Amino acid sequence: MKASTSPLVVLDGVVFYGNIGDINPNDIESMDILKDASSTAIYGSKGSAGVILINTKRGTSEKPIINVSTKIGVSQATFMPEMPTAEQYMQRRSDYYKTIDYFKPGDQQKGLGYYDNPDHLPEGVSRDQWAAYDPSFSGDYIETWMQRLEFNPIEVTNYKAGKFVDWMDLVYQNGLRQDYNASVSGKTARTNYYVSLGYTNNDGIVVGDQFRAARSRVNLDTEITKWLNIGLNAQFVHKGSDDIKADTGAAKAASPFGDVYEADGSIKVRPWDDNRVANPLLNRSVDDKYYRTQTFNSSVYGKLTLPFGFTWQTTFNVRYGWRKDYYFDSDIKPGVVAGGKAKRVDYSDYEWSIDNMLKWNRTFAKIHNFDFTFVYTAEKYQNWQSTGNNEGFQPNGALSYHGIQAGITPTVSANDEMQTGNGLLWRLNYSLMDRYLLTGSVRRDGFSAFGQNNPFGIFSTVAAGWRISEEKFLKDVKWINNLKLRLSWGQTGNRDIGRYAAFSRLTITNVILNGVNYKGVYPSSLANRDLKWETTTGFNLGVDFGLFNNRLSGSVELYKNKTNDLLMDRAMPEISGYGKIASNLGELANQGAELTLSSVNVNTRNVRWGTTFTYSTNKNEIKHLYGDMIDVLDAEGNIVGQREDDDVQNGWYIGHAIDEIYDYKWIGVWQLGEELEAAKYGKQPGDPRLLDVNNDGKINDEDKIWLGTKTPKHRMTLSSDLNLFKCINFSFVLRGEFGWMDIDNLPRNETNRFYNTSNSVWTEYWTPWNPNSKYARLGANVDSPGVNIYEKRNYVRMQNMALSYTFPKKLINKFMIDNLRFSINVDNAFVISKWRTSDPLTKAVTPRIWTFGVDITL
């Protein structure tokens with residue numbers, strides 16, 4: 001599906017158009033999430049995938065409060081791939097050739113022990129016999145053995161000298177993390193202010209992975225008169241790095257018997273003289289990089305308090321962004337033209353929005369409360385990007401990207417984009433005795449990216465609430481403190497499809513006529529004047545409760561959504577000359593449930609312990625796709641009906657989830673003695689074995705089955721907060737995801753891992769003399785058809801653990817300190833999972849982060 005599903009970020013009541021990572025975590029006071037259509041309606045189409053509400057800090061006392069915090073930490077790599085030891089690397093290379101030799105005809109096989117270590121020969125084979133396999137035996141047993149295994153001379157030399165390179169140790173590191181923040185806040189009778197400055201300097205777990213950021217914020221609210229309030233929220237962020245990451249992929253493939261550097265100390269381009277893999281440290285050693293981004297966000301508002309319960313607020317929000325992305329590729333690297341090549345990308349963007357909000361709030365007869373809101377919003381976004389490329393610098397590339405004009409093949413390009421949007425909202429909240437609640441809204445949104453015939457969408461919502469605990473029949477039920485029933489129905493639209501998806505775009509090309517270069521223009525995409533909003537209709541039922549003096553509280557949510565007119569790229573016939581066109585197609589159903597339980601387990605003078613448990617489950621189903629009908633045949637080939645066709649290319653099947661897995665099932669490895677049966681499928685012992693569902697002696701689409709889903713069916717979180725003696729705090733967050741699968745193809749041991757020339761992650765493997773049913777042979781045949789191995793990604797992760805100590809005020813007030821706290825945190829403390837190849841959540845190497853913090857308030 002084409003449209004974005006990223007939630008909208010609302011910062012201090014205003015849509016935040018920047019990157020959420022630009023917000024300093026130390027500036028955040030609170031964070032909430034809105035999901036149902038009624039709650040997100042005020043934010044229009046931008047909130048169709050949910051809304052994250054973030055409120056930053058404000059002044060809390062007339063006395064200016066100065067806060068300084070420092071965090072120092074270290075990140076350690078977890079789920080590091082297991083690499084072979086030097087002995088395992090040698091043995092695997094030997095077993096690779098021995099397995100190949102085993103399946104050759106007898107007259108083509110090498111002698112017994114030919115590929116074995118001369119110090120560990122099979123029984124019955126002497127060293128003299130082993131040496132006699134080579135008539136030109138030099139007398140050097142180790143060199144002869146490694147030559148038979150096709151090691152390069154440098155590898156032979158280093159092996160004999162006992163030199164071993166741990167490439168993973170060279171590209172991974174323990175990264176130092178530093179975070180410094182200072183803020184000043186306060187308020188007077190009319191003015192509230194908060195000012196902060198922060199600096200972050202983090203090194204990642206990969207050498208050269210850096211994050212540097214300086215952030216500043218100003219929040220200012222003031223009451224000019226009793227009827228006029230104005231305010232400013234502004235943020236500036238500067239980020240960048242000049243370092244270049246080491247190549248972890250090359251490190252996995254690098255021979256442990258290579259050289260990192262040449263004899264003169266310069267980087268060795270090909271560590272073991274193999275032309276397929278370059279030095280993992282090459283790029284960061286010879287290239288040059290400059291990367292900087294700056295963003296400025298500001299919102300200014302004015303609020304008028306008018307007679308008869310009316311208020312008017314106008315908010316103007318603006319964001320400026322700048323990016324410089326420069327890179328120079330040295331000609332020391334293979335494949336780079338002499339003199340090197342450079343690229344400079346200069347990018348800036350600008351966007352503004354203005355919100356005008358009229359509110360009316362009145363209460364009649366002390367029981368009828370009406371809150372009416374009318375909003376008009378308008379917005380515009382523009383960006384400008386210029387790209388310059390050049391190569392073949394003369395006389396050399398010493399000036400890097402600074403002298404990009406010195407190359408011999410300059411090219412320039414530009415890409416400027418713009419979009420506009422507007423919206424109107426009417427919303428009414430009605431409350432009867434603060435017990436019966438009713439909300440209704442209608443929103444009309446417009447967006448420039450849609451077809452000229454459908455730029456606008458109209459979306460309605462209605463919601464009702466009943467505070468059952470306020471009813472007389474529950475007043476005497478002391479153990480029920482809060483009980484509220486919520487019901488909502490609503491529609492939201494999705495517009496995140498790309499700025500020009502509905503338009504025919506022109507592409508410029510070079511045309512040479514009579515030796516002269518002309519610029520030609522041709523349409524590269526088709527327009528769709530009827531492209532319209534993707535619409536999601538949602539129904540939500542919820543219950544909020546608080547029991548036993550609110551010692552137990554929580555909520556239960558049930559929801560069911562239906563999305564129509566999905567924004568998708570529809571494939572076009574090749575004869576049209578176009579690959580695809582943006583279209584509204586299909587229908588997707590989505591339903592699920594969420595549970596939140598919070599409990600105060602212990603609450604005494606010196607001990608308070610609370611826990612929160614959350615659970616969610618979700619299921620989606622494709623109801624319709626393109627509307628193309630195909631015939632349904634019976635066993636004899638007779639047409640018995642029709643059904644809507646699936647999209648096999650994208651893996652979308654009607655009646656199933658978007659990410660449900662429909663594939664062949666791996667059932668093990670072909671064994672010795674099964675040669676004839678394996679040959680029917682083009683396999684041999686040691687190759688992966690797939691399930692032949694219909695037992696017809698071939699593997700094709702009829703043998704695919706439903707195996708599971710790539711999205712978790714169940715998500716759970718348990719958080720705990722323990723406070724002792726009002727000074728010691730221990731908390732943790734435990735998280736788990738269950739009921740999902742993904743591809744783990746390491747046991748395939750396929751040919752493209754190049755066992756005969758390079759290294760790769762260690763896995764067990766099948767050999768004729770040590771067979772198994774879980775791991776294929778080295779260089780296994782995994783094609784015709786392609787083999788994927790699916791494993792469960794279920795896991796339980798200790799996401800965060802924190803221990804802090806807050807000094808008693810009577811000890812620190814004498815030093816003019818209002819608050820002093822020391823803390824120790826560990827993120828990603830441990831993971832319990834049977835998924836073995838990487839972090840089950842990210843499918844990658846992830847950091848475990850230890851942090852020590854000091855927080856001082858004056």
# chains A, B, ... in the order shown; residues from 1 in each chain; ligands from 1

call {"tool": "residues_around", "arguments": {"residues": "A:Ser599", "least_positions_apart": "6", "cutoff": "6 Å", "atoms": "only C-alpha atoms", "output": "ChimeraX atom specification"}}
result
/A:551-552,610-611

call {"tool": "select_by_dssp", "arguments": {"residues": "stretch 733-762 of chain A", "states": "helix (DSSP H, G or I)", "output": "ChimeraX atom specification"}}
result
/A:746-748,751-753

call {"tool": "write_last_selection", "arguments": {"atoms": "N, CA, C and O atoms", "output": "PDB file, in the first residue's frame"}}
result
ATOM      1  N   LEU A 746      20.306 -18.200   7.177  1.00  0.00           N
ATOM      2  CA  LEU A 746      21.677 -18.656   7.431  1.00  0.00           C
ATOM      3  C   LEU A 746      21.830 -20.174   7.302  1.00  0.00           C
ATOM      4  O   LEU A 746      22.836 -20.647   6.762  1.00  0.00           O
ATOM      5  N   PRO A 747      20.881 -20.987   7.765  1.00  0.00           N
ATOM      6  CA  PRO A 747      21.065 -22.441   7.641  1.00  0.00           C
ATOM      7  C   PRO A 747      21.084 -22.950   6.201  1.00  0.00           C
ATOM      8  O   PRO A 747      21.398 -24.118   5.973  1.00  0.00           O
ATOM      9  N   ARG A 748      20.757 -22.084   5.226  1.00  0.00           N
ATOM     10  CA  ARG A 748      20.787 -22.543   3.831  1.00  0.00           C
ATOM     11  C   ARG A 748      22.214 -22.819   3.360  1.00  0.00           C
ATOM     12  O   ARG A 748      22.448 -23.655   2.497  1.00  0.00           O
ATOM     13  N   THR A 751      25.556 -20.975  -2.049  1.00  0.00           N
ATOM     14  CA  THR A 751      26.797 -20.722  -2.776  1.00  0.00           C
ATOM     15  C   THR A 751      27.246 -19.285  -2.677  1.00  0.00           C
ATOM     16  O   THR A 751      28.463 -19.012  -2.609  1.00  0.00           O
ATOM     17  N   ASN A 752      26.311 -18.325  -2.663  1.00  0.00           N
ATOM     18  CA  ASN A 752      26.724 -16.922  -2.708  1.00  0.00           C
ATOM     19  C   ASN A 752      27.356 -16.421  -1.416  1.00  0.00           C
ATOM     20  O   ASN A 752      27.618 -15.229  -1.275  1.00  0.00           O
ATOM     21  N   ARG A 753      27.634 -17.315  -0.494  1.00  0.00           N
ATOM     22  CA  ARG A 753      28.443 -16.937   0.666  1.00  0.00           C
ATOM     23  C   ARG A 753      29.935 -17.171   0.399  1.00  0.00           C
ATOM     24  O   ARG A 753      30.761 -16.907   1.255  1.00  0.00           O
TER      25      ARG A 753
END

call {"tool": "atom_distance", "arguments": {"atom1": "atom CA of A:Asn453", "atom2": "atom CA of A:Arg427"}}
result
27.0 Å

call {"tool": "residues_around", "arguments": {"residues": "stretch 212-224 of chain A", "least_positions_apart": "3", "cutoff": "9 Å", "atoms": "only C-alpha atoms", "output": "count of residues only"}}
result
37

call {"tool": "closest_atom_pairs", "arguments": {"of": "stretch 553-594 of chain A", "to": "stretch 715-723 of chain A", "cutoff": "12 Å", "atoms": "only C-alpha atoms", "output": "CSV"}}
result
residue,atom,partner,partner_atom,distance
A:Gly592,CA,A:Arg715,CA,11.4
A:Ala593,CA,A:Arg715,CA,10.7
A:Glu594,CA,A:Arg715,CA,9.4

call {"tool": "write_last_selection", "arguments": {"atoms": "all heavy atoms", "output": "JSON list (two decimals), in the first residue's frame"}}
result
[["chain", "number", "residue", "atom", "x", "y", "z"],
["A", 592, "GLY", "N", -8.88, -4.98, 16.34],
["A", 592, "GLY", "CA", -7.99, -5.37, 17.42],
["A", 592, "GLY", "C", -8.54, -4.96, 18.78],
["A", 592, "GLY", "O", -9.65, -4.43, 18.90],
["A", 593, "ALA", "N", -7.73, -5.20, 19.80],
["A", 593, "ALA", "CA", -8.11, -4.90, 21.18],
["A", 593, "ALA", "C", -6.88, -4.45, 21.94],
["A", 593, "ALA", "O", -5.75, -4.86, 21.64],
["A", 593, "ALA", "CB", -8.74, -6.12, 21.84],
["A", 594, "GLU", "N", -7.11, -3.59, 22.94],
["A", 594, "GLU", "CA", -6.03, -3.11, 23.80],
["A", 594, "GLU", "C", -6.50, -3.13, 25.24],
["A", 594, "GLU", "O", -7.65, -2.80, 25.53],
["A", 594, "GLU", "CB", -5.60, -1.69, 23.39],
["A", 594, "GLU", "CG", -5.05, -1.60, 21.98],
["A", 594, "GLU", "CD", -4.63, -0.19, 21.62],
["A", 594, "GLU", "OE1", -4.77, 0.71, 22.49],
["A", 594, "GLU", "OE2", -4.17, 0.03, 20.49]]

call {"tool": "residues_around", "arguments": {"residues": "stretch 102-114 of chain A", "least_positions_apart": "4", "cutoff": "10 Å", "atoms": "only C-alpha atoms", "output": "ChimeraX atom specification"}}
result
/A:94,97-98,118,120-127,129-134,145,148-149,684-685,767-768

call {"tool": "atom_distance", "arguments": {"atom1": "atom CA of A:Gln88", "atom2": "atom CA of A:Phe754"}}
result
15.4 Å

call {"tool": "atom_distance", "arguments": {"atom1": "atom CA of A:Gly586", "atom2": "atom CA of A:Asn564"}}
result
6.3 Å

call {"tool": "residues_around", "arguments": {"residues": "stretch 438-451 of chain A", "least_positions_apart": "4", "cutoff": "9 Å", "atoms": "only C-alpha atoms", "output": "JSON list (two decimals) with N, CA, C and O atoms, in the first residue's frame"}}
result
[["chain", "number", "residue", "atom", "x", "y", "z"],
["A", 38, "SER", "N", -12.42, 10.12, 16.42],
["A", 38, "SER", "CA", -13.00, 11.28, 17.07],
["A", 38, "SER", "C", -11.92, 12.13, 17.74],
["A", 38, "SER", "O", -11.95, 13.36, 17.68],
["A", 41, "ALA", "N", -9.68, 14.01, 15.06],
["A", 41, "ALA", "CA", -10.37, 14.75, 14.01],
["A", 41, "ALA", "C", -9.89, 16.18, 13.90],
["A", 41, "ALA", "O", -9.79, 16.75, 12.81],
["A", 42, "ILE", "N", -9.56, 16.81, 15.03],
["A", 42, "ILE", "CA", -9.16, 18.21, 15.00],
["A", 42, "ILE", "C", -7.87, 18.42, 14.20],
["A", 42, "ILE", "O", -7.60, 19.51, 13.70],
["A", 44, "GLY", "N", -7.15, 16.70, 11.43],
["A", 44, "GLY", "CA", -7.40, 16.44, 10.01],
["A", 44, "GLY", "C", -6.68, 15.23, 9.48],
["A", 44, "GLY", "O", -6.34, 14.29, 10.20],
["A", 45, "SER", "N", -6.43, 15.27, 8.16],
["A", 45, "SER", "CA", -5.86, 14.11, 7.47],
["A", 45, "SER", "C", -4.48, 13.75, 7.98],
["A", 45, "SER", "O", -4.06, 12.60, 7.93],
["A", 418, "MET", "N", 6.78, 21.70, -4.15],
["A", 418, "MET", "CA", 5.86, 22.54, -3.39],
["A", 418, "MET", "C", 4.55, 21.79, -3.18],
["A", 418, "MET", "O", 4.13, 21.00, -4.03],
["A", 419, "GLN", "N", 3.92, 22.03, -2.05],
["A", 419, "GLN", "CA", 2.59, 21.50, -1.79],
["A", 419, "GLN", "C", 1.82, 22.49, -0.94],
["A", 419, "GLN", "O", 2.41, 23.27, -0.18],
["A", 420, "THR", "N", 0.51, 22.44, -1.06],
["A", 420, "THR", "CA", -0.35, 23.30, -0.25],
["A", 420, "THR", "C", -1.52, 22.49, 0.28],
["A", 420, "THR", "O", -1.86, 21.43, -0.25],
["A", 421, "GLY", "N", -2.11, 22.99, 1.33],
["A", 421, "GLY", "CA", -3.26, 22.33, 1.91],
["A", 421, "GLY", "C", -4.08, 23.29, 2.75],
["A", 421, "GLY", "O", -3.59, 24.36, 3.15],
["A", 422, "ASN", "N", -5.33, 22.95, 2.99],
["A", 422, "ASN", "CA", -6.16, 23.74, 3.89],
["A", 422, "ASN", "C", -7.20, 22.83, 4.52],
["A", 422, "ASN", "O", -7.37, 21.68, 4.12],
["A", 423, "GLY", "N", -7.88, 23.37, 5.51],
["A", 423, "GLY", "CA", -8.87, 22.55, 6.20],
["A", 423, "GLY", "C", -9.85, 23.40, 6.98],
["A", 423, "GLY", "O", -9.52, 24.50, 7.46],
["A", 424, "LEU", "N", -11.07, 22.89, 7.11],
["A", 424, "LEU", "CA", -12.12, 23.49, 7.92],
["A", 424, "LEU", "C", -12.65, 22.44, 8.88],
["A", 424, "LEU", "O", -12.86, 21.29, 8.50],
["A", 425, "LEU", "N", -12.86, 22.85, 10.13],
["A", 425, "LEU", "CA", -13.37, 21.91, 11.14],
["A", 425, "LEU", "C", -14.49, 22.57, 11.93],
["A", 425, "LEU", "O", -14.37, 23.71, 12.37],
["A", 426, "TRP", "N", -15.59, 21.82, 12.10],
["A", 426, "TRP", "CA", -16.65, 22.17, 13.03],
["A", 426, "TRP", "C", -16.75, 21.04, 14.05],
["A", 426, "TRP", "O", -16.89, 19.88, 13.68],
["A", 427, "ARG", "N", -16.71, 21.41, 15.33],
["A", 427, "ARG", "CA", -16.82, 20.38, 16.36],
["A", 427, "ARG", "C", -17.64, 20.90, 17.53],
["A", 427, "ARG", "O", -17.48, 22.05, 17.95],
["A", 428, "LEU", "N", -18.50, 20.03, 18.05],
["A", 428, "LEU", "CA", -19.33, 20.37, 19.19],
["A", 428, "LEU", "C", -19.19, 19.30, 20.26],
["A", 428, "LEU", "O", -19.38, 18.12, 20.00],
["A", 429, "ASN", "N", -18.85, 19.74, 21.48],
["A", 429, "ASN", "CA", -18.82, 18.87, 22.65],
["A", 429, "ASN", "C", -19.98, 19.27, 23.57],
["A", 429, "ASN", "O", -20.11, 20.45, 23.94],
["A", 430, "TYR", "N", -20.80, 18.29, 23.90],
["A", 430, "TYR", "CA", -21.93, 18.55, 24.80],
["A", 430, "TYR", "C", -21.81, 17.64, 26.01],
["A", 430, "TYR", "O", -21.52, 16.44, 25.89],
["A", 431, "SER", "N", -22.06, 18.23, 27.18],
["A", 431, "SER", "CA", -21.99, 17.47, 28.43],
["A", 431, "SER", "C", -23.23, 17.75, 29.25],
["A", 431, "SER", "O", -23.59, 18.92, 29.47],
["A", 432, "LEU", "N", -23.89, 16.71, 29.71],
["A", 432, "LEU", "CA", -25.04, 16.82, 30.60],
["A", 432, "LEU", "C", -24.65, 16.32, 31.97],
["A", 432, "LEU", "O", -24.32, 15.13, 32.15],
["A", 455, "PRO", "N", -9.75, 17.20, -5.06],
["A", 455, "PRO", "CA", -8.73, 17.71, -4.12],
["A", 455, "PRO", "C", -9.21, 17.74, -2.68],
["A", 455, "PRO", "O", -8.40, 17.84, -1.76],
["A", 456, "PHE", "N", -10.53, 17.66, -2.47],
["A", 456, "PHE", "CA", -11.08, 17.81, -1.13],
["A", 456, "PHE", "C", -11.69, 16.50, -0.64],
["A", 456, "PHE", "O", -12.16, 15.68, -1.41],
["A", 457, "GLY", "N", -11.64, 16.32, 0.68],
["A", 457, "GLY", "CA", -12.29, 15.20, 1.33],
["A", 457, "GLY", "C", -13.06, 15.68, 2.54],
["A", 457, "GLY", "O", -12.63, 16.62, 3.23],
["A", 458, "ILE", "N", -14.21, 15.08, 2.81],
["A", 458, "ILE", "CA", -15.03, 15.46, 3.95],
["A", 458, "ILE", "C", -15.13, 14.25, 4.88],
["A", 458, "ILE", "O", -15.48, 13.14, 4.45],
["A", 459, "PHE", "N", -14.83, 14.49, 6.15],
["A", 459, "PHE", "CA", -14.75, 13.39, 7.12],
["A", 459, "PHE", "C", -15.51, 13.78, 8.39],
["A", 459, "PHE", "O", -15.31, 14.86, 8.95],
["A", 460, "SER", "N", -16.35, 12.88, 8.85],
["A", 460, "SER", "CA", -17.20, 13.15, 10.01],
["A", 460, "SER", "C", -16.87, 12.18, 11.14],
["A", 460, "SER", "O", -16.42, 11.05, 10.90],
["A", 461, "THR", "N", -17.13, 12.61, 12.35],
["A", 461, "THR", "CA", -16.95, 11.75, 13.52],
["A", 461, "THR", "C", -18.05, 12.04, 14.53],
["A", 461, "THR", "O", -18.59, 13.15, 14.59],
["A", 462, "VAL", "N", -18.38, 11.06, 15.33],
["A", 462, "VAL", "CA", -19.31, 11.22, 16.43],
["A", 462, "VAL", "C", -18.86, 10.30, 17.56],
["A", 462, "VAL", "O", -18.38, 9.18, 17.31],
["A", 463, "ALA", "N", -18.96, 10.78, 18.80],
["A", 463, "ALA", "CA", -18.53, 9.99, 19.95],
["A", 463, "ALA", "C", -19.46, 10.28, 21.12],
["A", 463, "ALA", "O", -19.99, 11.39, 21.27],
["A", 464, "ALA", "N", -19.65, 9.27, 21.96],
["A", 464, "ALA", "CA", -20.49, 9.40, 23.15],
["A", 464, "ALA", "C", -19.78, 8.80, 24.34],
["A", 464, "ALA", "O", -19.02, 7.83, 24.20],
["A", 465, "GLY", "N", -20.02, 9.38, 25.50],
["A", 465, "GLY", "CA", -19.43, 8.86, 26.73],
["A", 465, "GLY", "C", -20.44, 8.86, 27.86],
["A", 465, "GLY", "O", -21.32, 9.74, 27.93],
["A", 466, "TRP", "N", -20.31, 7.90, 28.74],
["A", 466, "TRP", "CA", -21.23, 7.78, 29.88],
["A", 466, "TRP", "C", -20.40, 7.48, 31.13],
["A", 466, "TRP", "O", -19.78, 6.43, 31.23],
["A", 488, "SER", "N", -17.33, 5.47, 19.85],
["A", 488, "SER", "CA", -17.05, 6.48, 18.82],
["A", 488, "SER", "C", -17.09, 5.85, 17.43],
["A", 488, "SER", "O", -16.82, 4.65, 17.27],
["A", 490, "GLY", "N", -16.05, 7.24, 13.32],
["A", 490, "GLY", "CA", -15.51, 8.38, 12.59],
["A", 490, "GLY", "C", -14.77, 7.97, 11.34],
["A", 490, "GLY", "O", -14.44, 6.80, 11.12],
["A", 493, "GLY", "N", -8.97, 10.75, 6.68],
["A", 493, "GLY", "CA", -8.38, 10.61, 5.36],
["A", 493, "GLY", "C", -6.88, 10.57, 5.43],
["A", 493, "GLY", "O", -6.27, 11.11, 6.35],
["A", 495, "ARG", "N", -3.37, 11.38, 3.24],
["A", 495, "ARG", "CA", -2.92, 12.15, 2.08],
["A", 495, "ARG", "C", -1.44, 11.95, 1.77],
["A", 495, "ARG", "O", -0.94, 12.54, 0.81],
["A", 496, "ASP", "N", -0.72, 11.17, 2.56],
["A", 496, "ASP", "CA", 0.73, 11.05, 2.42],
["A", 496, "ASP", "C", 1.09, 10.10, 1.29],
["A", 496, "ASP", "O", 1.38, 8.92, 1.50],
["A", 497, "ILE", "N", 1.06, 10.61, 0.07],
["A", 497, "ILE", "CA", 1.30, 9.77, -1.11],
["A", 497, "ILE", "C", 2.42, 10.29, -1.99],
["A", 497, "ILE", "O", 2.75, 9.69, -3.00],
["A", 498, "GLY", "N", 3.01, 11.41, -1.64],
["A", 498, "GLY", "CA", 3.97, 12.05, -2.53],
["A", 498, "GLY", "C", 3.32, 13.27, -3.17],
["A", 498, "GLY", "O", 2.12, 13.28, -3.47],
["A", 499, "ARG", "N", 4.09, 14.31, -3.40],
["A", 499, "ARG", "CA", 3.52, 15.61, -3.79],
["A", 499, "ARG", "C", 2.96, 15.62, -5.20],
["A", 499, "ARG", "O", 2.10, 16.44, -5.52],
["A", 500, "TYR", "N", 3.46, 14.74, -6.07],
["A", 500, "TYR", "CA", 3.03, 14.80, -7.47],
["A", 500, "TYR", "C", 2.54, 13.44, -7.98],
["A", 500, "TYR", "O", 2.64, 13.14, -9.16],
["A", 501, "ALA", "N", 2.00, 12.63, -7.05],
["A", 501, "ALA", "CA", 1.57, 11.29, -7.43],
["A", 501, "ALA", "C", 0.44, 11.31, -8.47],
["A", 501, "ALA", "O", 0.33, 10.41, -9.30],
["A", 502, "ALA", "N", -0.41, 12.34, -8.43],
["A", 502, "ALA", "CA", -1.56, 12.37, -9.33],
["A", 502, "ALA", "C", -1.26, 13.06, -10.65],
["A", 502, "ALA", "O", -2.12, 13.11, -11.53],
["A", 503, "PHE", "N", -0.05, 13.57, -10.81],
["A", 503, "PHE", "CA", 0.27, 14.39, -11.98],
["A", 503, "PHE", "C", 1.15, 13.64, -12.98],
["A", 503, "PHE", "O", 1.90, 12.74, -12.61],
["A", 527, "ALA", "N", -0.95, 10.88, -15.47],
["A", 527, "ALA", "CA", -1.76, 11.62, -14.50],
["A", 527, "ALA", "C", -3.03, 10.84, -14.18],
["A", 527, "ALA", "O", -3.51, 10.04, -14.98],
["A", 528, "ASN", "N", -3.53, 11.07, -12.98],
["A", 528, "ASN", "CA", -4.83, 10.51, -12.58],
["A", 528, "ASN", "C", -5.65, 11.64, -11.99],
["A", 528, "ASN", "O", -5.52, 11.98, -10.81],
["A", 529, "ARG", "N", -6.48, 12.26, -12.82],
["A", 529, "ARG", "CA", -7.27, 13.41, -12.39],
["A", 529, "ARG", "C", -8.30, 13.04, -11.34],
["A", 529, "ARG", "O", -8.81, 13.91, -10.63],
["A", 530, "ASP", "N", -8.59, 11.75, -11.22],
["A", 530, "ASP", "CA", -9.63, 11.31, -10.28],
["A", 530, "ASP", "C", -9.06, 10.76, -8.97],
["A", 530, "ASP", "O", -9.82, 10.25, -8.13],
["A", 531, "LEU", "N", -7.74, 10.83, -8.79],
["A", 531, "LEU", "CA", -7.14, 10.31, -7.55],
["A", 531, "LEU", "C", -7.72, 11.07, -6.36],
["A", 531, "LEU", "O", -7.75, 12.31, -6.33],
["A", 532, "LYS", "N", -8.18, 10.32, -5.35],
["A", 532, "LYS", "CA", -8.84, 10.96, -4.21],
["A", 532, "LYS", "C", -8.31, 10.41, -2.89],
["A", 532, "LYS", "O", -7.43, 9.58, -2.84],
["A", 533, "TRP", "N", -8.89, 10.92, -1.83],
["A", 533, "TRP", "CA", -8.43, 10.60, -0.49],
["A", 533, "TRP", "C", -8.67, 9.13, -0.14],
["A", 533, "TRP", "O", -9.72, 8.57, -0.45]]

call {"tool": "select_by_dssp", "arguments": {"residues": "stretch 460-537 of chain A", "states": "strand (DSSP E)", "output": "MDAnalysis selection string"}}
result
chainID A and resid 460:467 480:494 506:513 516:523 534:537

call {"tool": "residues_around", "arguments": {"residues": "A:Asn390", "least_positions_apart": "2", "cutoff": "12 Å", "atoms": "only C-alpha atoms", "output": "MDAnalysis selection string"}}
result
chainID A and resid 326:329 336:344 387:388 392:394 397 400:413
